[in-house]
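Coordinates from coords12.txt are shown below (compact mmCIF, C-alpha atoms).
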# COMPACT_ATOMS: atom_id res chain seq x y z
CA MET K 136 8.27 -9.43 7.44
CA LEU K 137 9.52 -9.96 10.97
CA GLU K 138 13.07 -11.21 10.82
CA SER K 139 14.78 -12.41 13.93
CA ASN K 140 16.86 -9.23 14.12
CA GLU K 141 13.62 -7.24 14.03
CA LEU K 142 12.49 -9.20 17.08
CA ALA K 143 15.85 -8.58 18.73
CA ARG K 144 15.52 -4.83 18.09
CA PHE K 145 12.02 -4.87 19.54
CA GLU K 146 13.14 -6.67 22.67
CA ALA K 147 16.07 -4.33 23.12
CA ALA K 148 13.82 -1.28 22.82
CA MET K 149 10.75 -2.47 24.74
CA LEU K 150 11.63 -5.09 27.32
CA PRO K 151 13.44 -2.60 29.58
CA HIS K 152 9.99 -1.02 30.09
CA LEU K 153 8.27 -4.25 31.03
CA ASP K 154 8.08 -3.28 34.71
CA ALA K 155 6.45 0.04 33.78
CA ALA K 156 4.05 -1.83 31.50
CA TYR K 157 3.17 -4.32 34.21
CA THR K 158 2.71 -1.60 36.85
CA LEU K 159 0.31 0.37 34.66
CA ALA K 160 -1.58 -2.80 33.74
CA ARG K 161 -1.70 -3.82 37.37
CA TYR K 162 -3.20 -0.50 38.48
CA LEU K 163 -5.66 -0.39 35.58
CA THR K 164 -6.91 -3.96 36.02
CA ARG K 165 -6.37 -4.04 39.81
CA ASN K 166 -5.68 -7.74 39.43
CA ASP K 167 -2.42 -9.71 39.01
CA HIS K 168 -3.78 -12.27 36.64
CA ASP K 169 -5.48 -9.82 34.29
CA ALA K 170 -2.45 -7.55 34.39
CA GLU K 171 -0.21 -10.37 33.18
CA ASP K 172 -2.55 -11.19 30.32
CA VAL K 173 -2.81 -7.53 29.37
CA VAL K 174 0.99 -7.14 29.33
CA GLN K 175 1.43 -10.20 27.16
CA ASP K 176 -1.28 -9.11 24.71
CA ALA K 177 0.09 -5.59 24.60
CA CYS K 178 3.62 -6.77 23.85
CA VAL K 179 2.44 -8.96 20.99
CA ARG K 180 0.42 -6.05 19.62
CA ALA K 181 3.38 -3.72 20.01
CA LEU K 182 5.60 -6.12 18.07
CA LYS K 183 3.04 -6.15 15.28
CA TYR K 184 3.05 -2.35 15.01
CA PHE K 185 6.73 -1.88 15.84
CA ASP K 186 7.49 -0.48 12.38
CA THR K 187 4.99 2.36 12.94
CA PHE K 188 6.82 3.28 16.14
CA ARG K 189 10.16 3.33 14.38
CA GLY K 190 8.62 5.31 11.54
CA GLU K 191 7.26 8.05 13.78
CA GLN K 192 9.72 8.29 16.66
CA VAL K 193 7.73 11.23 18.07
CA THR K 194 7.42 9.68 21.48
CA SER K 195 9.65 7.64 23.76
CA ALA K 196 9.69 3.86 23.57
CA ARG K 197 8.30 3.72 27.09
CA ALA K 198 5.38 6.04 26.35
CA TRP K 199 4.66 4.16 23.14
CA LEU K 200 4.56 0.78 24.90
CA LEU K 201 2.47 2.22 27.76
CA THR K 202 -0.03 3.59 25.23
CA ILE K 203 -0.57 0.09 23.90
CA VAL K 204 -0.75 -1.36 27.41
CA ARG K 205 -3.37 1.23 28.36
CA ASN K 206 -5.50 0.59 25.27
CA THR K 207 -5.20 -3.15 25.76
CA ALA K 208 -6.31 -2.82 29.38
CA TYR K 209 -9.33 -0.72 28.41
CA SER K 210 -10.43 -3.11 25.67
CA TRP K 211 -9.76 -5.98 28.09
CA HIS K 212 -12.35 -4.50 30.41
CA LYS K 213 -14.80 -4.02 27.58
CA GLY K 214 -14.33 -7.65 26.59
CA HIS K 215 -15.14 -8.82 30.12
CA ARG K 216 -18.28 -6.78 30.74
CA ASN K 217 -19.86 -9.36 32.98
CA ASP K 218 -17.01 -9.26 35.43
CA GLU K 219 -17.82 -7.94 38.82
CA LEU K 220 -14.59 -6.03 38.50
CA THR K 221 -15.80 -4.31 35.37
CA THR K 222 -19.04 -3.24 36.92
CA GLU K 223 -17.13 -1.56 39.66
CA PHE K 224 -14.79 -0.13 37.04
CA ASP K 225 -17.74 1.44 35.22
CA GLU K 226 -19.28 2.87 38.34
CA THR K 227 -16.07 4.56 39.22
CA GLU K 228 -16.04 6.36 35.92
CA HIS K 229 -18.79 8.68 37.03
CA SER K 230 -17.10 10.23 40.01
CA PRO K 231 -13.41 10.74 40.62
CA LEU K 232 -13.68 8.80 43.82
CA GLY K 233 -15.43 5.62 42.79
CA GLY K 234 -17.21 3.02 44.90
CA ALA K 235 -18.58 3.49 48.36
CA ALA K 236 -15.79 3.39 50.89
CA ASP K 237 -16.14 0.94 53.70
CA PRO K 238 -16.13 3.26 56.72
CA GLU K 239 -14.60 0.55 58.92
CA ALA K 240 -11.69 -0.20 56.61
CA LYS K 241 -8.49 1.66 57.22
CA GLU K 242 -7.81 3.75 54.17
CA THR K 243 -4.39 3.52 52.71
CA LEU K 244 -2.97 5.53 49.86
CA SER K 245 -2.78 2.44 47.66
CA ARG K 246 -6.43 1.66 48.28
CA ALA K 247 -7.41 5.26 47.65
CA LEU K 248 -5.55 5.14 44.38
CA GLU K 249 -7.24 1.90 43.36
CA ARG K 250 -10.61 3.44 44.01
CA LEU K 251 -9.98 6.44 41.81
CA ALA K 252 -11.70 6.40 38.43
CA PRO K 253 -9.33 4.96 35.80
CA GLU K 254 -8.69 8.25 34.00
CA PHE K 255 -7.51 9.77 37.31
CA ARG K 256 -5.71 6.63 38.42
CA GLU K 257 -3.69 6.37 35.24
CA VAL K 258 -2.36 9.93 35.37
CA ILE K 259 -1.17 9.42 38.95
CA VAL K 260 0.53 6.14 38.04
CA LEU K 261 2.16 7.60 34.94
CA ARG K 262 3.34 10.74 36.71
CA GLU K 263 4.11 9.71 40.27
CA LEU K 264 5.25 6.12 39.78
CA GLN K 265 6.78 6.32 36.33
CA GLY K 266 7.80 9.94 36.02
CA LEU K 267 6.40 10.59 32.56
CA SER K 268 6.25 14.17 31.34
CA TYR K 269 2.87 15.82 30.78
CA LYS K 270 3.46 15.50 27.05
CA GLU K 271 4.13 11.77 27.34
CA ILE K 272 1.06 11.29 29.52
CA SER K 273 -0.99 13.20 26.97
CA ASP K 274 0.29 10.78 24.28
CA VAL K 275 -0.46 7.71 26.37
CA ALA K 276 -3.93 8.81 27.51
CA GLY K 277 -4.80 10.42 24.18
CA VAL K 278 -5.91 13.73 25.73
CA PRO K 279 -4.50 17.28 25.52
CA VAL K 280 -1.78 18.37 27.94
CA GLY K 281 -4.23 20.77 29.60
CA THR K 282 -6.51 17.85 30.39
CA VAL K 283 -3.58 15.90 31.84
CA MET K 284 -2.79 18.89 34.05
CA SER K 285 -6.32 19.27 35.41
CA ARG K 286 -6.82 15.51 35.87
CA LEU K 287 -3.59 15.22 37.82
CA SER K 288 -4.58 18.08 40.04
CA ARG K 289 -8.05 16.72 40.73
CA ALA K 290 -6.69 13.23 41.35
CA ARG K 291 -4.22 14.56 43.91
CA THR K 292 -6.91 16.56 45.68
CA HIS K 293 -9.04 13.41 45.94
CA LEU K 294 -6.14 11.37 47.28
CA GLN K 295 -5.49 14.03 49.93
CA ARG K 296 -9.14 13.91 50.96
CA ALA K 297 -9.02 10.14 51.21
CA LEU K 298 -5.92 10.37 53.39
CA ARG K 299 -7.55 12.86 55.75
CA LYS K 300 -10.37 10.37 56.28
CA GLU K 301 -7.77 7.90 57.41
CA ASP K 302 -6.74 10.12 60.28
CA MET O 235 -7.12 21.05 50.78
CA PRO O 236 -8.96 23.05 48.10
CA LEU O 237 -8.11 26.67 47.83
CA PRO O 238 -10.53 29.60 48.04
CA SER O 239 -12.23 30.50 44.79
CA SER O 240 -10.08 33.60 44.57
CA HIS O 241 -7.35 31.32 43.24
CA PRO O 242 -8.81 29.85 40.08
CA SER O 243 -6.67 27.16 38.45
CA PHE O 244 -4.00 27.75 41.05
CA GLU O 245 -4.08 24.11 42.13
CA ALA O 246 -3.25 22.84 38.66
CA GLN O 247 -0.65 25.58 38.24
CA LEU O 248 1.03 24.64 41.48
CA ASP O 249 0.98 20.95 40.61
CA ALA O 250 2.59 21.76 37.29
CA TYR O 251 5.13 23.86 39.12
CA LEU O 252 5.97 21.01 41.49
CA ASP O 253 6.12 18.65 38.52
CA GLY O 254 8.63 20.95 36.84
CA GLU O 255 6.22 21.51 33.95
CA LEU O 256 5.57 25.22 34.41
CA ALA O 257 7.21 27.74 32.09
CA ALA O 258 10.00 29.76 33.73
CA THR O 259 8.13 33.08 33.73
CA ASP O 260 4.98 31.49 35.18
CA ALA O 261 7.10 29.72 37.78
CA ARG O 262 8.66 33.02 38.94
CA GLU O 263 5.23 34.63 39.24
CA LEU O 264 3.99 31.69 41.24
CA GLU O 265 6.94 31.73 43.59
CA ALA O 266 6.37 35.44 44.21
CA HIS O 267 2.76 34.71 45.04
CA LEU O 268 3.66 31.83 47.35
CA ALA O 269 5.98 34.09 49.30
CA GLN O 270 3.10 36.31 50.36
CA CYS O 271 0.11 33.90 50.52
CA ALA O 272 -0.24 31.63 53.55
CA ASP O 273 -3.17 29.61 52.06
CA CYS O 274 -1.24 28.78 48.94
CA THR O 275 1.86 27.89 50.91
CA ARG O 276 -0.18 25.53 53.05
CA PHE O 277 -1.66 24.01 49.90
CA ARG O 278 1.81 23.50 48.48
CA ASP O 279 2.99 21.82 51.67
CA GLY O 280 0.05 19.42 51.49
CA ARG O 281 0.96 18.49 47.93
CA VAL O 282 4.60 17.99 48.80
CA ALA O 283 3.55 15.67 51.63
CA LEU O 284 1.28 13.73 49.28
CA ARG O 285 4.08 13.20 46.81
CA ALA O 286 6.32 11.88 49.55
CA ALA O 287 3.55 9.57 50.77
CA ILE O 288 2.94 8.19 47.30
CA ALA O 289 6.64 7.56 46.81
CA ALA O 290 6.80 5.78 50.16
CA GLU O 291 3.57 3.78 50.09
CA VAL O 292 2.44 3.11 46.57
CA PRO O 293 4.41 0.21 45.11
CA VAL O 294 5.88 -0.05 41.66
CA PHE O 295 5.36 -3.61 40.53
CA GLN O 296 8.14 -5.80 39.25
CA THR O 297 7.60 -8.17 36.38
CA SER O 298 8.06 -11.73 37.56
CA ASP O 299 10.50 -13.98 35.72
CA VAL O 300 7.57 -16.17 34.79
CA LEU O 301 5.77 -13.29 33.09
CA ARG O 302 8.97 -12.12 31.42
CA GLN O 303 9.46 -15.61 29.96
CA ARG O 304 5.81 -15.80 28.93
CA VAL O 305 6.12 -12.51 27.05
CA ARG O 306 9.30 -13.63 25.27
CA THR O 307 7.69 -16.89 24.21
CA ALA O 308 4.58 -15.10 22.96
CA LEU O 309 6.73 -12.65 20.98
CA ARG O 310 8.66 -15.48 19.35
CA THR O 311 5.48 -17.32 18.43
CA SER O 312 3.98 -14.16 17.01
CA ALA O 313 7.11 -13.30 15.01
CA ARG O 314 7.26 -16.81 13.58
CA LYS O 315 3.61 -16.66 12.57
CA SER O 316 3.88 -13.28 10.95
CA ARG O 317 6.86 -14.43 8.92
CA PHE O 318 4.46 -16.71 7.10
CA ASN O 319 1.71 -14.20 7.19
CA LEU O 320 0.01 -13.65 3.88
CA GLN O 321 0.06 -9.93 4.47
CA ALA O 322 3.82 -10.00 4.14
CA TRP O 323 3.80 -10.90 0.46
CA TRP O 324 0.40 -10.10 -1.02
CA ARG O 325 0.75 -6.37 -0.59
CA PRO O 326 3.84 -5.87 -2.77
CA LEU O 327 2.42 -8.43 -5.19
CA ALA O 328 -0.85 -6.52 -5.49
CA LEU O 329 1.09 -3.31 -5.99
CA ALA O 330 3.17 -4.87 -8.76
CA ALA O 331 0.04 -6.28 -10.41
CA SER O 332 -1.63 -2.88 -10.41
CA PHE O 333 1.46 -1.36 -12.07
CA VAL O 334 1.35 -4.02 -14.77
CA ILE O 335 -2.32 -3.35 -15.44
CA VAL O 336 -1.78 0.38 -15.72
CA ALA O 337 1.22 -0.14 -18.00
CA LEU O 338 -0.70 -2.52 -20.27
CA GLY O 339 -3.65 -0.15 -20.44
CA GLY O 340 -1.39 2.76 -21.36
CA TRP O 341 0.39 0.73 -24.02
CA ASN O 342 -2.90 -0.38 -25.52
CA LEU O 343 -4.18 3.19 -25.58
CA ALA O 344 -1.00 4.39 -27.27
CA LEU O 345 -1.34 1.68 -29.91
CA GLN O 346 -4.95 2.65 -30.59
CA ARG O 347 -4.00 6.28 -30.98
CA ALA O 348 -1.21 5.40 -33.36
CA ALA O 349 -3.59 3.27 -35.42
CA GLY O 350 -6.13 6.10 -35.55
CA ALA O 351 -3.47 8.57 -36.67
CA ALA O 352 -2.27 6.15 -39.36
CA LEU O 353 -5.81 5.72 -40.72
CA ALA O 354 -6.34 9.48 -40.83
CA ASP O 355 -3.04 9.90 -42.72
CA ASP O 356 -4.07 7.17 -45.13
CA VAL O 357 -7.45 8.77 -45.84
CA LEU O 358 -5.89 12.19 -46.34
CA SER O 359 -3.14 11.03 -48.71
CA SER O 360 -5.61 8.98 -50.69
CA HIS O 361 -7.91 11.95 -50.95
CA ILE O 362 -5.11 14.24 -52.10
CA ARG O 363 -4.07 11.64 -54.64
CA SER O 364 -7.59 11.48 -56.03
CA LEU O 365 -7.63 15.23 -56.47
CA MET O 366 -4.58 15.17 -58.70
CA PRO O 367 -5.42 16.04 -62.35
CA GLY O 368 -5.69 13.12 -64.70
CA HIS O 369 -5.95 10.65 -61.84
CA LEU O 370 -9.54 9.64 -61.86
CA THR O 371 -8.96 5.94 -61.98
CA ASP O 372 -6.10 3.75 -60.87
CA VAL O 373 -6.69 0.73 -63.06
CA VAL O 374 -8.13 1.10 -66.52
CA SER O 375 -9.51 -2.36 -66.88
CA SER O 376 -12.37 -4.57 -65.86
CA ASP O 377 -10.30 -7.69 -66.40
CA GLN O 378 -9.85 -9.47 -63.10
CA HIS O 379 -6.31 -10.49 -64.01
CA THR O 380 -5.42 -6.83 -64.22
CA VAL O 381 -7.48 -5.52 -61.34
CA LYS O 382 -6.68 -8.16 -58.75
CA PRO O 383 -2.90 -7.83 -58.93
CA TRP O 384 -3.27 -4.11 -58.33
CA PHE O 385 -4.63 -4.83 -54.89
CA ASN O 386 -1.60 -6.94 -53.98
CA GLY O 387 0.03 -5.45 -50.97
CA LYS O 388 -2.78 -2.94 -50.50
CA LEU O 389 -5.36 -5.32 -49.02
CA ASP O 390 -4.96 -8.38 -46.94
CA TYR O 391 -7.49 -10.25 -49.02
CA SER O 392 -8.43 -10.52 -52.68
CA PRO O 393 -11.64 -8.62 -53.55
CA PRO O 394 -14.04 -10.16 -56.07
CA VAL O 395 -13.82 -8.53 -59.46
CA HIS O 396 -16.80 -8.94 -61.79
CA ASP O 397 -16.33 -8.32 -65.46
CA PHE O 398 -19.60 -6.80 -66.63
CA ALA O 399 -18.36 -6.69 -70.19
CA VAL O 400 -19.56 -10.28 -70.52
CA GLN O 401 -23.10 -9.09 -69.79
CA GLY O 402 -22.86 -6.42 -72.42
CA PHE O 403 -21.53 -3.58 -70.34
CA PRO O 404 -17.98 -2.94 -71.47
CA ILE O 405 -15.86 -0.49 -69.56
CA ILE O 406 -15.90 3.02 -70.79
CA TRP O 407 -12.71 4.85 -70.22
CA MET O 408 -11.30 8.14 -71.29
CA ASP O 409 -7.84 9.46 -71.04
CA ALA O 410 -6.85 13.01 -70.24
CA ARG O 411 -8.12 14.24 -73.57
CA SER O 412 -11.64 13.09 -72.94
CA PRO O 413 -14.48 15.55 -72.56
CA CYS O 414 -15.25 14.28 -69.12
CA SER O 415 -12.12 15.47 -67.48
CA ARG O 416 -11.11 18.28 -69.75
CA THR O 417 -13.83 19.93 -71.82
CA ALA O 418 -17.16 18.32 -71.20
CA GLY O 419 -18.14 20.79 -68.63
CA ALA O 420 -17.94 21.09 -64.98
CA SER O 421 -21.28 19.53 -64.26
CA THR O 422 -20.83 16.04 -65.66
CA SER O 423 -17.26 15.27 -64.91
CA SER O 424 -17.38 16.63 -61.43
CA THR O 425 -20.50 14.68 -60.69
CA CYS O 426 -18.85 11.52 -61.79
CA SER O 427 -15.53 11.77 -60.05
CA SER O 428 -16.15 13.79 -56.98
CA GLY O 429 -19.77 12.89 -56.34
CA LEU O 430 -19.15 9.22 -56.03
CA GLY O 431 -15.56 8.25 -56.64
CA ARG O 432 -14.01 10.79 -54.34
CA ALA O 433 -16.50 10.21 -51.62
CA ALA O 434 -15.64 6.57 -51.74
CA ARG O 435 -11.91 7.28 -51.80
CA ALA O 436 -12.11 9.60 -48.88
CA ALA O 437 -14.16 7.27 -46.78
CA ARG O 438 -12.45 4.00 -47.52
CA PRO O 439 -9.21 4.55 -49.33
CA THR O 440 -8.49 0.93 -50.09
CA PHE O 441 -11.79 0.49 -51.88
CA ALA O 442 -11.66 3.75 -53.77
CA THR O 443 -10.30 2.23 -56.90
CA ALA O 444 -12.72 -0.61 -56.87
CA ARG O 445 -15.60 1.83 -56.64
CA ALA O 446 -14.17 3.96 -59.39
CA ILE O 447 -14.07 0.94 -61.65
CA THR O 448 -17.58 0.01 -60.63
CA CYS O 449 -18.58 3.46 -61.60
CA GLY O 450 -17.33 2.75 -65.09
CA THR O 451 -19.12 -0.55 -65.36
CA GLY O 452 -21.72 -1.56 -62.81
CA LEU O 453 -23.11 1.74 -61.72
CA ARG O 454 -23.91 2.75 -65.19
CA ARG O 455 -26.12 -0.24 -65.34
CA THR O 456 -27.83 0.10 -62.03
CA THR O 457 -28.46 3.82 -62.16
CA PRO O 458 -29.18 4.65 -65.80
CA THR O 459 -30.10 8.23 -65.01
CA GLY O 460 -27.12 8.74 -62.72
CA SER O 461 -24.01 10.67 -63.30
CA CYS O 462 -22.07 7.94 -65.03
CA ARG O 463 -24.79 7.51 -67.49
CA THR O 464 -24.58 11.12 -68.46
CA TRP O 465 -20.87 10.87 -68.58
CA GLY O 466 -21.09 7.83 -70.82
CA ALA O 467 -23.43 9.62 -73.23
CA GLN O 468 -21.01 12.42 -73.64
CA SER O 469 -18.20 10.08 -74.53
Just give me the structure of the file as structure tokens.
Amino acid sequence: MLESNELARFEAAMLPHLDAAYTLARYLTRNDHDAEDVVQDACVRALKYFDTFRGEQVTSARAWLLTIVRNTAYSWHKGHRNDELTTEFDETEHSPLGGAADPEAKETLSRALERLAPEFREVIVLRELQGLSYKEISDVAGVPVGTVMSRLSRARTHLQRALRKED
Amino acid sequence: MPLPSSHPSFEAQLDAYLDGELAATDARELEAHLAQCADCTRFRDGRVALRAAIAAEVPVFQTSDVLRQRVRTALRTSARKSRFNLQAWWRPLALAASFVIVALGGWNLALQRAAGAALADDVLSSHIRSLMPGHLTDVVSSDQHTVKPWFNGKLDYSPPVHDFAVQGFPIIWMDARSPCSRTAGASTSSTCSSGLGRAARAARPTFATARAITCGTGLRRTTPTGSCRTWGAQS
């Protein structure tokens, strides 16, 4: 099924977005090692379903790859429930600003971003770091454009709050 | 910096505006509002500063060469595996097999229908033949050397023919001038030919003649008060 030219086409279409894939994985897992594993898994998965991407062509190659990276990262967390990281990850899901901030630690924007709940973190990464359109973000996150819009806005408000604490 | 509640959804609208995602008409309205609202202008300035800060401080990660090589290796391994994957060939094979089954089933059904139609035609033509005047019996003999050859080509086996003449029951036969078929009245002749012979012809055309002959010989013996008996008395 997968001829070598199929693999070549996949690499030509997807590997240019490997940095974007790794950045999203890195912010979702908040860990270098996990991010690398997620990227590798996601790429292998993407190769497996490459024909569905070429069949649809409704979204960009980058958004399509990032969708798979995102889903891989989420299932990665589910598969490692006992991780301390995961516990924190779950806690953060309940409020946009997850985890209790250490009042002594100097807050940076990166840290504030890492402490956002994943659904807020991912829209900031996809929009601010990778420049995806609202439509592409809606494809990647699997939510309506209106939800993307309100999540982005709330995430930015929380980041601004976190920055004011820094002062 | 959240805005007063008098500006519902303005934050998201302004973010969309700054992201270049707001429709042109909405964008013009928003700009007009910004021009006369100090709170909203301050809010916009805060957002613009945040965007600049993110761009300056939040890193985009680069894939290391090691990871890039790892991914390429994993892709090659996966592609090589899937080339020998069963999924690659059993799906078209299963599809082809299902077509063959459907085709065979259809062919079989068509054959059965054709056979049914042929049988119906056979019964009908035999029945019509039996209704022809002067055609009550095909073979006027109880001699097996005369009866058996008549079945040649009509049956795929040779039916037993018993000559009851030996036991004292010779065949009684009449030609077209006989009272049975011509003058002896509707009751007797019709009972004989249609009551038994025709029923037999209609139901099993290939045995019709055999039954008709039996009527002339055996039945007379077994049912003395039956139709053939009456018919025989009249002859």
Distance CA of Leu268 (chain O)-CA of Ala290 (chain O), one decimal place?
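Interatomic distance here is 26.4 Å.
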If you measure from CA of Val292 (chain O) to CA of Thr243 (chain K), what distance in Å do you get, rounded to one decimal?
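Straight-line distance from CA of Val292 (chain O) to CA of Thr243 (chain K) works out to 9.2 Å.
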Counting all atoms listed in the file, give me one row per residue of chain O with an atom at most 10 Å from an atom of chain K, showing the shortest contact pair and its distance in Å to one decimal, sorted by chain then residue number, as JSON lines.
{"residue": "O:Met235", "atom": "CA", "partner": "K:Thr292", "partner_atom": "CA", "distance": 6.8}
{"residue": "O:Pro236", "atom": "CA", "partner": "K:Thr292", "partner_atom": "CA", "distance": 7.2}
{"residue": "O:Ser243", "atom": "CA", "partner": "K:Ser285", "partner_atom": "CA", "distance": 8.5}
{"residue": "O:Phe244", "atom": "CA", "partner": "K:Ser288", "partner_atom": "CA", "distance": 9.7}
{"residue": "O:Glu245", "atom": "CA", "partner": "K:Ser288", "partner_atom": "CA", "distance": 6.4}
{"residue": "O:Ala246", "atom": "CA", "partner": "K:Ser288", "partner_atom": "CA", "distance": 5.1}
{"residue": "O:Gln247", "atom": "CA", "partner": "K:Met284", "partner_atom": "CA", "distance": 8.2}
{"residue": "O:Leu248", "atom": "CA", "partner": "K:Ser288", "partner_atom": "CA", "distance": 8.8}
{"residue": "O:Asp249", "atom": "CA", "partner": "K:Ser288", "partner_atom": "CA", "distance": 6.3}
{"residue": "O:Ala250", "atom": "CA", "partner": "K:Met284", "partner_atom": "CA", "distance": 6.9}
{"residue": "O:Asp253", "atom": "CA", "partner": "K:Ser268", "partner_atom": "CA", "distance": 8.5}
{"residue": "O:Gly254", "atom": "CA", "partner": "K:Ser268", "partner_atom": "CA", "distance": 9.0}
{"residue": "O:Glu255", "atom": "CA", "partner": "K:Tyr269", "partner_atom": "CA", "distance": 7.3}
{"residue": "O:Gly280", "atom": "CA", "partner": "K:Gln295", "partner_atom": "CA", "distance": 7.9}
{"residue": "O:Arg281", "atom": "CA", "partner": "K:Arg291", "partner_atom": "CA", "distance": 7.6}
{"residue": "O:Ala283", "atom": "CA", "partner": "K:Gln295", "partner_atom": "CA", "distance": 9.3}
{"residue": "O:Leu284", "atom": "CA", "partner": "K:Gln295", "partner_atom": "CA", "distance": 6.8}
{"residue": "O:Arg285", "atom": "CA", "partner": "K:Glu263", "partner_atom": "CA", "distance": 7.4}
{"residue": "O:Ala286", "atom": "CA", "partner": "K:Glu263", "partner_atom": "CA", "distance": 9.8}
{"residue": "O:Ala287", "atom": "CA", "partner": "K:Leu244", "partner_atom": "CA", "distance": 7.7}
{"residue": "O:Ile288", "atom": "CA", "partner": "K:Leu244", "partner_atom": "CA", "distance": 7.0}
{"residue": "O:Ala289", "atom": "CA", "partner": "K:Leu264", "partner_atom": "CA", "distance": 7.3}
{"residue": "O:Ala290", "atom": "CA", "partner": "K:Leu244", "partner_atom": "CA", "distance": 9.8}
{"residue": "O:Glu291", "atom": "CA", "partner": "K:Leu244", "partner_atom": "CA", "distance": 6.8}
{"residue": "O:Val292", "atom": "CA", "partner": "K:Ser245", "partner_atom": "CA", "distance": 5.4}
{"residue": "O:Pro293", "atom": "CA", "partner": "K:Ser245", "partner_atom": "CA", "distance": 7.9}
{"residue": "O:Val294", "atom": "CA", "partner": "K:Thr158", "partner_atom": "CA", "distance": 6.0}
{"residue": "O:Phe295", "atom": "CA", "partner": "K:Thr158", "partner_atom": "CA", "distance": 5.0}
{"residue": "O:Gln296", "atom": "CA", "partner": "K:Asp154", "partner_atom": "CA", "distance": 5.2}
{"residue": "O:Thr297", "atom": "CA", "partner": "K:Asp154", "partner_atom": "CA", "distance": 5.2}
{"residue": "O:Ser298", "atom": "CA", "partner": "K:Asp154", "partner_atom": "CA", "distance": 8.9}
{"residue": "O:Val300", "atom": "CA", "partner": "K:Glu171", "partner_atom": "CA", "distance": 9.8}
{"residue": "O:Leu301", "atom": "CA", "partner": "K:Glu171", "partner_atom": "CA", "distance": 6.7}
{"residue": "O:Arg302", "atom": "CA", "partner": "K:Leu153", "partner_atom": "CA", "distance": 7.9}
{"residue": "O:Arg304", "atom": "CA", "partner": "K:Gln175", "partner_atom": "CA", "distance": 7.3}
{"residue": "O:Val305", "atom": "CA", "partner": "K:Gln175", "partner_atom": "CA", "distance": 5.2}
{"residue": "O:Arg306", "atom": "CA", "partner": "K:Glu146", "partner_atom": "CA", "distance": 8.4}
{"residue": "O:Thr307", "atom": "CA", "partner": "K:Gln175", "partner_atom": "CA", "distance": 9.6}
{"residue": "O:Ala308", "atom": "CA", "partner": "K:Val179", "partner_atom": "CA", "distance": 6.8}
{"residue": "O:Leu309", "atom": "CA", "partner": "K:Val179", "partner_atom": "CA", "distance": 5.7}
{"residue": "O:Arg310", "atom": "CA", "partner": "K:Leu142", "partner_atom": "CA", "distance": 7.7}
{"residue": "O:Thr311", "atom": "CA", "partner": "K:Val179", "partner_atom": "CA", "distance": 9.3}
{"residue": "O:Ser312", "atom": "CA", "partner": "K:Val179", "partner_atom": "CA", "distance": 6.7}
{"residue": "O:Ala313", "atom": "CA", "partner": "K:Leu137", "partner_atom": "CA", "distance": 5.8}
{"residue": "O:Arg314", "atom": "CA", "partner": "K:Leu137", "partner_atom": "CA", "distance": 7.7}
{"residue": "O:Lys315", "atom": "CA", "partner": "K:Leu137", "partner_atom": "CA", "distance": 9.1}
{"residue": "O:Ser316", "atom": "CA", "partner": "K:Leu137", "partner_atom": "CA", "distance": 6.5}
{"residue": "O:Arg317", "atom": "CA", "partner": "K:Met136", "partner_atom": "CA", "distance": 5.4}
{"residue": "O:Phe318", "atom": "CA", "partner": "K:Met136", "partner_atom": "CA", "distance": 8.2}
{"residue": "O:Asn319", "atom": "CA", "partner": "K:Met136", "partner_atom": "CA", "distance": 8.1}
{"residue": "O:Leu320", "atom": "CA", "partner": "K:Met136", "partner_atom": "CA", "distance": 9.9}
{"residue": "O:Gln321", "atom": "CA", "partner": "K:Met136", "partner_atom": "CA", "distance": 8.7}
{"residue": "O:Ala322", "atom": "CA", "partner": "K:Met136", "partner_atom": "CA", "distance": 5.6}
{"residue": "O:Trp323", "atom": "CA", "partner": "K:Met136", "partner_atom": "CA", "distance": 8.4}
Can you work out the spacing between CA of Ile272 (chain K) and CA of Leu163 (chain K) in Å, to one decimal?
14.8 Å
Nearest-residue call for Pro383 (chain O), choices O:Trp324, O:Ser360, O:Thr371, O:Val395, using all atoms listed in the file:
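That would be O:Val395, the residue with the smallest distance to Pro383 (chain O).
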Quick one: region 269-280 of chain K from the block, C-alpha atoms, as a compact mmCIF listing (two decimals), in the first residue's frame.
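After the write, decode-v1.txt holds the following:
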# COMPACT_ATOMS: atom_id res chain seq x y z
CA TYR K 269 -9.45 30.68 13.45
CA LYS K 270 -10.80 28.14 10.98
CA GLU K 271 -7.60 26.10 11.13
CA ILE K 272 -7.56 26.24 14.92
CA SER K 273 -11.18 25.11 14.95
CA ASP K 274 -10.16 22.12 12.78
CA VAL K 275 -7.19 21.26 14.99
CA ALA K 276 -9.03 21.62 18.32
CA GLY K 277 -12.27 20.14 16.99
CA VAL K 278 -14.44 23.01 18.27
CA PRO K 279 -16.51 25.68 16.47
CA VAL K 280 -14.87 28.93 15.37
